[in-house]
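A.B. asks: Below is the file start-v7.cif, which contains mmCIF, C-alpha atoms.
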data_upload
loop_
_atom_site.group_PDB
_atom_site.id
_atom_site.type_symbol
_atom_site.label_atom_id
_atom_site.label_comp_id
_atom_site.auth_asym_id
_atom_site.auth_seq_id
_atom_site.Cartn_x
_atom_site.Cartn_y
_atom_site.Cartn_z
ATOM 1 C CA MET A 1 2.446 -23.145 60.688
ATOM 2 C CA THR A 2 -0.528 -25.318 61.657
ATOM 3 C CA ASP A 3 -3.940 -24.865 60.068
ATOM 4 C CA ASN A 4 -5.304 -23.278 63.253
ATOM 5 C CA LEU A 5 -2.446 -20.781 63.515
ATOM 6 C CA ARG A 6 -2.873 -19.928 59.841
ATOM 7 C CA GLY A 7 -6.593 -19.477 60.472
ATOM 8 C CA ALA A 8 -5.898 -17.198 63.443
ATOM 9 C CA ALA A 9 -3.591 -15.052 61.308
ATOM 10 C CA LEU A 10 -6.218 -14.861 58.560
ATOM 11 C CA MET A 11 -8.915 -13.926 61.089
ATOM 12 C CA MET A 12 -6.782 -11.082 62.431
ATOM 13 C CA ALA A 13 -6.050 -9.942 58.867
ATOM 14 C CA SER A 14 -9.776 -10.033 58.085
ATOM 15 C CA MET A 15 -10.650 -7.934 61.139
ATOM 16 C CA ALA A 16 -7.884 -5.445 60.293
ATOM 17 C CA ALA A 17 -9.125 -5.157 56.694
ATOM 18 C CA PHE A 18 -12.725 -4.551 57.769
ATOM 19 C CA THR A 19 -11.597 -1.937 60.313
ATOM 20 C CA ILE A 20 -9.485 -0.101 57.712
ATOM 21 C CA ASN A 21 -12.552 -0.149 55.438
ATOM 22 C CA ASP A 22 -14.577 1.435 58.256
ATOM 23 C CA THR A 23 -11.851 4.044 58.741
ATOM 24 C CA CYS A 24 -11.972 4.987 55.053
ATOM 25 C CA ILE A 25 -15.765 5.396 55.163
ATOM 26 C CA LYS A 26 -15.629 7.474 58.328
ATOM 27 C CA ALA A 27 -12.883 9.652 56.831
ATOM 28 C CA ILE A 28 -15.192 10.504 53.935
ATOM 29 C CA GLY A 29 -17.654 11.641 56.609
ATOM 30 C CA GLY A 30 -19.976 14.389 55.461
ATOM 31 C CA ASP A 31 -18.341 14.835 52.064
ATOM 32 C CA MET A 32 -21.049 12.745 50.411
ATOM 33 C CA PRO A 33 -24.550 11.488 51.312
ATOM 34 C CA LEU A 34 -24.569 8.093 53.002
ATOM 35 C CA PHE A 35 -26.434 6.239 50.247
ATOM 36 C CA GLN A 36 -24.137 7.689 47.588
ATOM 37 C CA ILE A 37 -21.194 6.299 49.567
ATOM 38 C CA LEU A 38 -22.878 2.902 49.904
ATOM 39 C CA THR A 39 -23.774 2.794 46.215
ATOM 40 C CA LEU A 40 -20.300 3.663 44.956
ATOM 41 C CA ARG A 41 -18.599 1.298 47.378
ATOM 42 C CA GLY A 42 -21.139 -1.394 46.556
ATOM 43 C CA LEU A 43 -20.450 -1.201 42.821
ATOM 44 C CA GLY A 44 -16.765 -1.872 43.296
ATOM 45 C CA ALA A 45 -17.268 -4.522 45.965
ATOM 46 C CA VAL A 46 -19.837 -6.478 43.919
ATOM 47 C CA VAL A 47 -17.522 -6.617 40.897
ATOM 48 C CA LEU A 48 -14.610 -7.977 42.943
ATOM 49 C CA ILE A 49 -16.721 -10.408 44.974
ATOM 50 C CA TYR A 50 -18.456 -11.672 41.821
ATOM 51 C CA ALA A 51 -15.076 -12.370 40.232
ATOM 52 C CA LEU A 52 -13.948 -14.263 43.323
ATOM 53 C CA ALA A 53 -17.216 -16.211 43.585
ATOM 54 C CA ARG A 54 -16.983 -17.210 39.938
ATOM 55 C CA HIS A 55 -13.365 -18.272 40.386
ATOM 56 C CA CYS A 56 -14.390 -20.434 43.370
ATOM 57 C CA GLY A 57 -17.228 -22.025 41.376
ATOM 58 C CA ALA A 58 -19.771 -20.718 43.877
ATOM 59 C CA LEU A 59 -22.220 -19.640 41.151
ATOM 60 C CA ARG A 60 -22.725 -23.115 39.670
ATOM 61 C CA VAL A 61 -24.886 -24.616 42.358
ATOM 62 C CA ARG A 62 -28.505 -25.697 42.712
ATOM 63 C CA LEU A 63 -30.070 -25.077 46.082
ATOM 64 C CA PRO A 64 -33.461 -25.910 47.600
ATOM 65 C CA ARG A 65 -36.004 -23.141 48.038
ATOM 66 C CA ARG A 66 -35.441 -23.087 51.799
ATOM 67 C CA ASP A 67 -31.790 -22.164 51.394
ATOM 68 C CA TRP A 68 -32.639 -19.411 48.915
ATOM 69 C CA ALA A 69 -35.158 -18.024 51.419
ATOM 70 C CA LEU A 70 -32.492 -17.986 54.114
ATOM 71 C CA ILE A 71 -30.033 -16.317 51.735
ATOM 72 C CA GLY A 72 -32.692 -13.672 51.060
ATOM 73 C CA LEU A 73 -33.258 -13.132 54.799
ATOM 74 C CA ARG A 74 -29.531 -12.838 55.417
ATOM 75 C CA SER A 75 -29.119 -10.397 52.532
ATOM 76 C CA ALA A 76 -31.943 -8.165 53.813
ATOM 77 C CA ALA A 77 -30.414 -8.193 57.292
ATOM 78 C CA GLU A 78 -27.012 -7.305 55.783
ATOM 79 C CA ALA A 79 -28.485 -4.306 53.953
ATOM 80 C CA ALA A 80 -30.205 -3.024 57.096
ATOM 81 C CA ALA A 81 -27.061 -3.604 59.162
ATOM 82 C CA ALA A 82 -24.958 -1.628 56.665
ATOM 83 C CA TYR A 83 -27.304 1.349 56.942
ATOM 84 C CA PHE A 84 -27.477 1.337 60.751
ATOM 85 C CA PHE A 85 -23.772 0.660 61.227
ATOM 86 C CA LEU A 86 -22.502 3.304 58.802
ATOM 87 C CA THR A 87 -24.898 5.896 60.212
ATOM 88 C CA ALA A 88 -23.489 5.220 63.671
ATOM 89 C CA LEU A 89 -19.923 5.061 62.343
ATOM 90 C CA ILE A 90 -20.050 8.475 60.699
ATOM 91 C CA ASN A 91 -21.399 10.100 63.873
ATOM 92 C CA MET A 92 -19.593 8.195 66.641
ATOM 93 C CA PRO A 93 -15.924 7.491 67.462
ATOM 94 C CA LEU A 94 -14.649 4.456 65.563
ATOM 95 C CA ALA A 95 -13.624 2.544 68.688
ATOM 96 C CA ASN A 96 -16.994 3.131 70.394
ATOM 97 C CA VAL A 97 -18.979 1.725 67.474
ATOM 98 C CA THR A 98 -16.599 -1.225 67.168
ATOM 99 C CA ALA A 99 -16.878 -1.885 70.905
ATOM 100 C CA VAL A 100 -20.670 -2.125 70.656
ATOM 101 C CA LEU A 101 -20.298 -4.661 67.829
ATOM 102 C CA GLN A 102 -18.256 -6.901 70.128
ATOM 103 C CA MET A 103 -21.621 -7.902 71.608
ATOM 104 C CA LEU A 104 -22.230 -10.105 68.571
ATOM 105 C CA PRO A 105 -20.947 -13.439 69.950
ATOM 106 C CA LEU A 106 -23.171 -12.911 72.983
ATOM 107 C CA THR A 107 -26.290 -11.855 71.050
ATOM 108 C CA VAL A 108 -25.850 -14.734 68.575
ATOM 109 C CA THR A 109 -25.535 -17.194 71.478
ATOM 110 C CA LEU A 110 -28.665 -15.743 73.096
ATOM 111 C CA GLY A 111 -30.551 -15.757 69.795
ATOM 112 C CA ALA A 112 -29.547 -19.365 69.126
ATOM 113 C CA ALA A 113 -30.992 -20.326 72.503
ATOM 114 C CA LEU A 114 -34.238 -18.359 72.148
ATOM 115 C CA VAL A 115 -34.951 -18.874 68.439
ATOM 116 C CA LEU A 116 -33.182 -22.085 67.463
ATOM 117 C CA GLY A 117 -33.521 -23.896 70.773
ATOM 118 C CA GLU A 118 -29.787 -24.539 71.144
ATOM 119 C CA PRO A 119 -28.793 -25.469 74.713
ATOM 120 C CA VAL A 120 -27.034 -22.691 76.637
ATOM 121 C CA GLY A 121 -25.851 -23.376 80.180
ATOM 122 C CA TRP A 122 -26.191 -21.008 83.108
ATOM 123 C CA ARG A 123 -22.535 -19.963 82.856
ATOM 124 C CA ARG A 124 -22.926 -18.691 79.310
ATOM 125 C CA MET A 125 -26.222 -17.014 80.193
ATOM 126 C CA LEU A 126 -24.461 -15.242 83.080
ATOM 127 C CA ALA A 127 -21.699 -14.170 80.696
ATOM 128 C CA ILE A 128 -24.339 -12.752 78.341
ATOM 129 C CA LEU A 129 -25.934 -10.729 81.158
ATOM 130 C CA ILE A 130 -22.540 -9.395 82.259
ATOM 131 C CA GLY A 131 -21.758 -8.533 78.640
ATOM 132 C CA PHE A 132 -24.973 -6.527 78.355
ATOM 133 C CA GLY A 133 -23.918 -4.647 81.488
ATOM 134 C CA GLY A 134 -20.618 -3.793 79.784
ATOM 135 C CA MET A 135 -22.541 -2.612 76.721
ATOM 136 C CA LEU A 136 -24.480 -0.154 78.901
ATOM 137 C CA LEU A 137 -21.176 1.326 80.068
ATOM 138 C CA ILE A 138 -20.280 1.951 76.414
ATOM 139 C CA VAL A 139 -23.531 3.587 75.316
ATOM 140 C CA ARG A 140 -24.348 5.040 78.779
ATOM 141 C CA PRO A 141 -28.006 6.103 78.658
ATOM 142 C CA GLY A 142 -28.583 9.271 80.654
ATOM 143 C CA PRO A 143 -31.724 11.053 81.883
ATOM 144 C CA GLU A 144 -32.450 12.097 78.296
ATOM 145 C CA GLY A 145 -32.275 8.488 77.092
ATOM 146 C CA PHE A 146 -29.977 6.724 74.634
ATOM 147 C CA ASP A 147 -28.002 8.762 72.157
ATOM 148 C CA THR A 148 -29.644 8.307 68.769
ATOM 149 C CA HIS A 149 -26.440 7.177 67.137
ATOM 150 C CA ALA A 150 -25.833 4.610 69.871
ATOM 151 C CA LEU A 151 -29.282 3.230 69.112
ATOM 152 C CA PHE A 152 -28.234 2.877 65.463
ATOM 153 C CA ALA A 153 -25.186 0.882 66.581
ATOM 154 C CA LEU A 154 -27.408 -1.381 68.691
ATOM 155 C CA ALA A 155 -29.799 -1.787 65.749
ATOM 156 C CA ALA A 156 -26.824 -2.879 63.633
ATOM 157 C CA VAL A 157 -25.989 -5.522 66.256
ATOM 158 C CA GLY A 158 -29.574 -6.796 66.066
ATOM 159 C CA CYS A 159 -29.490 -7.001 62.262
ATOM 160 C CA VAL A 160 -26.134 -8.789 62.210
ATOM 161 C CA THR A 161 -27.459 -11.237 64.816
ATOM 162 C CA VAL A 162 -30.348 -12.090 62.471
ATOM 163 C CA ARG A 163 -27.853 -12.391 59.631
ATOM 164 C CA ASP A 164 -25.623 -14.831 61.511
ATOM 165 C CA LEU A 165 -28.515 -16.913 62.857
ATOM 166 C CA SER A 166 -29.888 -17.351 59.330
ATOM 167 C CA VAL A 167 -26.522 -18.777 58.256
ATOM 168 C CA ARG A 168 -26.781 -21.435 60.966
ATOM 169 C CA ARG A 169 -29.989 -22.716 59.374
ATOM 170 C CA MET A 170 -28.524 -23.054 55.879
ATOM 171 C CA SER A 171 -27.464 -26.437 54.599
ATOM 172 C CA ALA A 172 -23.744 -27.193 54.390
ATOM 173 C CA ARG A 173 -23.835 -27.232 50.568
ATOM 174 C CA VAL A 174 -24.442 -23.458 50.336
ATOM 175 C CA PRO A 175 -21.143 -21.842 49.198
ATOM 176 C CA SER A 176 -20.004 -19.043 51.494
ATOM 177 C CA MET A 177 -19.021 -16.880 48.511
ATOM 178 C CA LEU A 178 -22.538 -17.161 47.083
ATOM 179 C CA VAL A 179 -23.928 -15.900 50.390
ATOM 180 C CA THR A 180 -21.414 -13.052 50.433
ATOM 181 C CA LEU A 181 -22.195 -12.064 46.837
ATOM 182 C CA SER A 182 -25.957 -12.105 47.466
ATOM 183 C CA ALA A 183 -25.536 -9.859 50.495
ATOM 184 C CA SER A 184 -23.317 -7.445 48.565
ATOM 185 C CA VAL A 185 -25.860 -7.187 45.753
ATOM 186 C CA ALA A 186 -28.644 -6.588 48.281
ATOM 187 C CA VAL A 187 -26.706 -3.738 49.924
ATOM 188 C CA LEU A 188 -25.984 -2.220 46.502
ATOM 189 C CA VAL A 189 -29.621 -2.373 45.349
ATOM 190 C CA PHE A 190 -30.879 -1.035 48.691
ATOM 191 C CA ALA A 191 -28.436 1.886 48.604
ATOM 192 C CA ALA A 192 -28.946 2.647 44.912
ATOM 193 C CA VAL A 193 -32.728 2.895 45.285
ATOM 194 C CA LEU A 194 -32.553 5.124 48.363
ATOM 195 C CA SER A 195 -29.817 7.266 46.820
ATOM 196 C CA LEU A 196 -32.443 8.487 44.346
ATOM 197 C CA THR A 197 -33.952 10.461 47.246
ATOM 198 C CA GLU A 198 -30.659 12.319 47.801
ATOM 199 C CA ASP A 199 -28.784 14.942 45.817
ATOM 200 C CA TRP A 200 -25.512 13.369 44.739
ATOM 201 C CA THR A 201 -22.402 15.481 45.226
ATOM 202 C CA PRO A 202 -19.230 15.590 43.089
ATOM 203 C CA VAL A 203 -16.586 13.094 44.190
ATOM 204 C CA SER A 204 -13.298 14.776 45.060
ATOM 205 C CA GLY A 205 -9.934 13.118 44.504
ATOM 206 C CA ARG A 206 -9.590 12.509 48.245
ATOM 207 C CA SER A 207 -13.028 10.883 48.489
ATOM 208 C CA ALA A 208 -12.359 8.765 45.393
ATOM 209 C CA ALA A 209 -9.120 7.473 46.922
ATOM 210 C CA LEU A 210 -10.852 6.672 50.210
ATOM 211 C CA LEU A 211 -13.689 4.898 48.380
ATOM 212 C CA ALA A 212 -11.177 2.847 46.403
ATOM 213 C CA GLY A 213 -9.424 1.925 49.638
ATOM 214 C CA SER A 214 -12.747 0.976 51.203
ATOM 215 C CA VAL A 215 -13.647 -1.295 48.265
ATOM 216 C CA LEU A 216 -10.233 -2.955 48.336
ATOM 217 C CA PHE A 217 -10.172 -3.588 52.072
ATOM 218 C CA VAL A 218 -13.771 -4.783 52.347
ATOM 219 C CA PHE A 219 -12.977 -7.260 49.556
ATOM 220 C CA PHE A 220 -9.887 -8.529 51.359
ATOM 221 C CA GLY A 221 -11.898 -8.713 54.572
ATOM 222 C CA TYR A 222 -14.398 -11.048 52.917
ATOM 223 C CA LEU A 223 -11.638 -13.018 51.175
ATOM 224 C CA PHE A 224 -9.698 -13.628 54.392
ATOM 225 C CA SER A 225 -12.877 -14.555 56.291
ATOM 226 C CA VAL A 226 -13.703 -17.188 53.649
ATOM 227 C CA LEU A 227 -10.154 -18.566 53.832
ATOM 228 C CA VAL A 228 -10.514 -18.815 57.616
ATOM 229 C CA MET A 229 -13.534 -21.082 57.279
ATOM 230 C CA ARG A 230 -11.639 -23.319 54.861
ATOM 231 C CA SER A 231 -8.413 -23.627 56.833
ATOM 232 C CA ALA A 232 -9.103 -23.830 60.566
ATOM 233 C CA GLU A 233 -11.504 -24.762 63.353
ATOM 234 C CA VAL A 234 -14.155 -22.096 63.876
ATOM 235 C CA SER A 235 -14.016 -22.537 67.657
ATOM 236 C CA PHE A 236 -10.265 -21.815 67.635
ATOM 237 C CA THR A 237 -10.329 -18.759 65.371
ATOM 238 C CA ALA A 238 -13.510 -17.087 66.702
ATOM 239 C CA PRO A 239 -11.822 -15.325 69.675
ATOM 240 C CA PHE A 240 -9.425 -13.593 67.303
ATOM 241 C CA ARG A 241 -12.351 -11.530 66.011
ATOM 242 C CA TYR A 242 -11.800 -9.278 69.009
ATOM 243 C CA THR A 243 -8.530 -8.034 67.524
ATOM 244 C CA GLY A 244 -10.738 -5.765 65.417
ATOM 245 C CA LEU A 245 -11.350 -3.675 68.545
ATOM 246 C CA LEU A 246 -7.601 -3.196 69.018
ATOM 247 C CA CYS A 247 -7.322 -2.060 65.389
ATOM 248 C CA ALA A 248 -10.206 0.365 65.903
ATOM 249 C CA LEU A 249 -8.588 1.819 69.033
ATOM 250 C CA VAL A 250 -5.284 2.410 67.235
ATOM 251 C CA LEU A 251 -6.804 3.774 64.009
ATOM 252 C CA GLY A 252 -9.305 5.935 65.879
ATOM 253 C CA TRP A 253 -6.436 7.523 67.802
ATOM 254 C CA LEU A 254 -4.055 7.893 64.848
ATOM 255 C CA VAL A 255 -6.533 9.062 62.208
ATOM 256 C CA PHE A 256 -9.260 10.891 64.143
ATOM 257 C CA ASP A 257 -7.519 11.678 67.446
ATOM 258 C CA HIS A 258 -10.283 9.821 69.309
ATOM 259 C CA TRP A 259 -9.546 7.812 72.435
ATOM 260 C CA PRO A 260 -12.415 6.305 74.475
ATOM 261 C CA ASP A 261 -12.875 7.475 78.053
ATOM 262 C CA PRO A 262 -12.174 5.061 80.954
ATOM 263 C CA LEU A 263 -15.811 3.933 81.331
ATOM 264 C CA THR A 264 -16.043 3.062 77.639
ATOM 265 C CA LEU A 265 -12.793 1.098 77.855
ATOM 266 C CA LEU A 266 -14.059 -0.706 80.957
ATOM 267 C CA GLY A 267 -17.326 -1.560 79.199
ATOM 268 C CA ALA A 268 -15.440 -2.827 76.147
ATOM 269 C CA ALA A 269 -13.199 -4.986 78.368
ATOM 270 C CA ILE A 270 -16.276 -6.476 80.074
ATOM 271 C CA VAL A 271 -17.951 -7.221 76.735
ATOM 272 C CA VAL A 272 -14.796 -8.815 75.300
ATOM 273 C CA GLY A 273 -14.164 -10.829 78.457
ATOM 274 C CA SER A 274 -17.757 -12.082 78.541
ATOM 275 C CA GLY A 275 -17.597 -12.992 74.859
ATOM 276 C CA LEU A 276 -14.326 -14.887 75.261
ATOM 277 C CA PHE A 277 -15.749 -16.813 78.215
ATOM 278 C CA ALA A 278 -18.916 -17.675 76.269
ATOM 279 C CA LEU A 279 -16.838 -18.882 73.324
ATOM 280 C CA TRP A 280 -14.642 -20.966 75.649
ATOM 281 C CA ARG A 281 -17.684 -22.569 77.285
ATOM 282 C CA GLU A 282 -19.200 -23.296 73.858
ATOM 283 C CA ARG A 283 -15.983 -24.974 72.753
ATOM 284 C CA ALA A 284 -15.854 -27.020 75.953
ATOM 285 C CA ALA A 285 -19.481 -28.105 75.508
ATOM 286 C CA THR A 286 -18.797 -29.145 71.907
ATOM 287 C CA ARG A 287 -15.793 -31.208 72.964
ATOM 288 C CA GLY A 288 -17.862 -32.862 75.692
ATOM 289 C CA ALA A 289 -20.603 -33.757 73.241
ATOM 290 C CA ARG A 290 -18.095 -35.243 70.782
ATOM 291 C CA ALA A 291 -16.485 -37.278 73.541
ATOM 292 C CA ALA A 292 -19.865 -38.636 74.629
ATOM 293 C CA MET A 293 -20.583 -39.794 71.064
ATOM 294 C CA ARG A 294 -17.374 -41.805 70.733
ATOM 295 C CA PRO A 295 -17.733 -45.597 70.808
ATOM 296 C CA GLY A 296 -17.163 -47.021 74.237
ATOM 297 C CA SER A 297 -17.712 -43.728 76.050
#
Show me the file's structure as structure tokens.

C.D. replies:
Amino acid sequence: MTDNLRGAALMMASMAAFTINDTCIKAIGGDMPLFQILTLRGLGAVVLIYALARHCGALRVRLPRRDWALIGLRSAAEAAAAYFFLTALINMPLANVTAVLQMLPLTVTLGAALVLGEPVGWRRMLAILIGFGGMLLIVRPGPEGFDTHALFALAAVGCVTVRDLSVRRMSARVPSMLVTLSASVAVLVFAAVLSLTEDWTPVSGRSAALLAGSVLFVFFGYLFSVLVMRSAEVSFTAPFRYTGLLCALVLGWLVFDHWPDPLTLLGAAIVVGSGLFALWRERAATRGARAAMRPGS
């Protein structure tokens, strides 16, 4: 197996692990307050991620103040994204929320052009506009306006876009596991503080098992995503992120008996198709730039 094929397999495993984690959280549903769920899951996840980061030597590093500021920005965006996403997840079908998140490659590309000044050709801009049209088919605003929970899903997309753009500005010496650990701690602290405003409820055996499954799968999701970055080309593995939507469709049907209606499926197909085209154009542009820099070209 080549490095790229191994990376593709790891990317699909990462997306499956994250989706199973989401399924566990949604299955807990209204059994516990949201911030209690986030706090308990965060405790387990931080312990496992800390152990992995220490094993990788990611904690023994000196970074400039600029990188620490970017890590702080990313961590704050991660905490906000966790709140918005899980609020939407608990109240919306799993596949619908996951379909909205497929906008991320498009919003990151748009944000990189507007904020970071990265060049984006007219083809990718057209793909972004078409992708936003597909997103409207998923959330479908009516005369009464957007559904509140759909707005939470869109807010999560915005926060994750900020998170991913901040990573692009970090220097290459920043260990990915240090970034992951910082974000996990930020989510835990954020949830723990806000959980003080809620009345905690007893944790049943079923909820405890689902929380344990959530901790385990979110850990493996992070682990596999780190291994992807170390084993394959990002441009090759990025399209395999969309396999998470297939996992969400299957798990949403099997576990919750939810299946999106035809318009939602059409919107998801448009978003995925636009994202794949944008990723393909970005890869082609990168290859062209590398070829132009070769001696004698």

A.B. asks: I'd like the contact shell of A:His258 - 8 Å cut-off, all atoms listed in the file, skipping same-chain residues fewer than 3 positions apart - returned as an MDAnalysis selection string.

C.D. replies: chainID A and resid 93:94 252:254

A.B. asks: Given the selection you just returned, output its residues as a file containing C-alpha atoms, formatted as a compact mmCIF listing (two decimals), in the coordinates of the input.

C.D. replies:
# COMPACT_ATOMS: atom_id res chain seq x y z
CA PRO A 93 -15.92 7.49 67.46
CA LEU A 94 -14.65 4.46 65.56
CA GLY A 252 -9.30 5.94 65.88
CA TRP A 253 -6.44 7.52 67.80
CA LEU A 254 -4.06 7.89 64.85

A.B. asks: Find the nearest atom pair between each residue of stretch 117-190 of chain A and stretch 266-270 of chain A for residues within 7 Å, count only C-alpha atoms, give distances in Å to one decimal, sort rows by chain and ascending number, and present the table as CSV.

C.D. replies:
residue,atom,partner,partner_atom,distance
A:Gly131,CA,A:Ile270,CA,6.0
A:Gly134,CA,A:Gly267,CA,4.0
A:Met135,CA,A:Gly267,CA,5.9
A:Leu137,CA,A:Gly267,CA,4.9
A:Ile138,CA,A:Gly267,CA,5.4

A.B. asks: Between A:Leu48, A:Ala88, A:Ala209, A:Met15, which one has atoms that come closest to A:Leu151, using only C-alpha atoms?

C.D. replies: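 So, comparing all the options, the nearest one is A:Ala88.
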
A.B. asks: Give the answer as one residue: which of A:Val271, A:Leu211, A:Leu165, A:Met177 has the shortest atom-to-atom distance to A:Leu101, using all atoms listed in the file?

C.D. replies: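 Nearest candidate to A:Leu101 out of A:Val271, A:Leu211, A:Leu165, A:Met177: A:Val271.
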
A.B. asks: Using all atoms listed in the file, which residues sit within 9 Å of A:Pro260 once same-chain residues fewer than 3 positions away are excluded, as a list of chain:residue names?

C.D. replies: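 Result of the neighbour search: A:Pro93, A:Ala95, A:Asn96, A:Leu249, A:Leu263, A:Thr264, A:Leu265.
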
A.B. asks: Keeping only C-alpha atoms, write the selected residues as a short mmCIF file (atom, residue, chain, number, x, y, z; two decimals), keeping the file's coordinate frame.

C.D. replies:
data_model
loop_
_atom_site.label_atom_id
_atom_site.label_comp_id
_atom_site.auth_asym_id
_atom_site.auth_seq_id
_atom_site.Cartn_x
_atom_site.Cartn_y
_atom_site.Cartn_z
CA PRO A 93 -15.92 7.49 67.46
CA ALA A 95 -13.62 2.54 68.69
CA ASN A 96 -16.99 3.13 70.39
CA LEU A 249 -8.59 1.82 69.03
CA LEU A 263 -15.81 3.93 81.33
CA THR A 264 -16.04 3.06 77.64
CA LEU A 265 -12.79 1.10 77.86
#
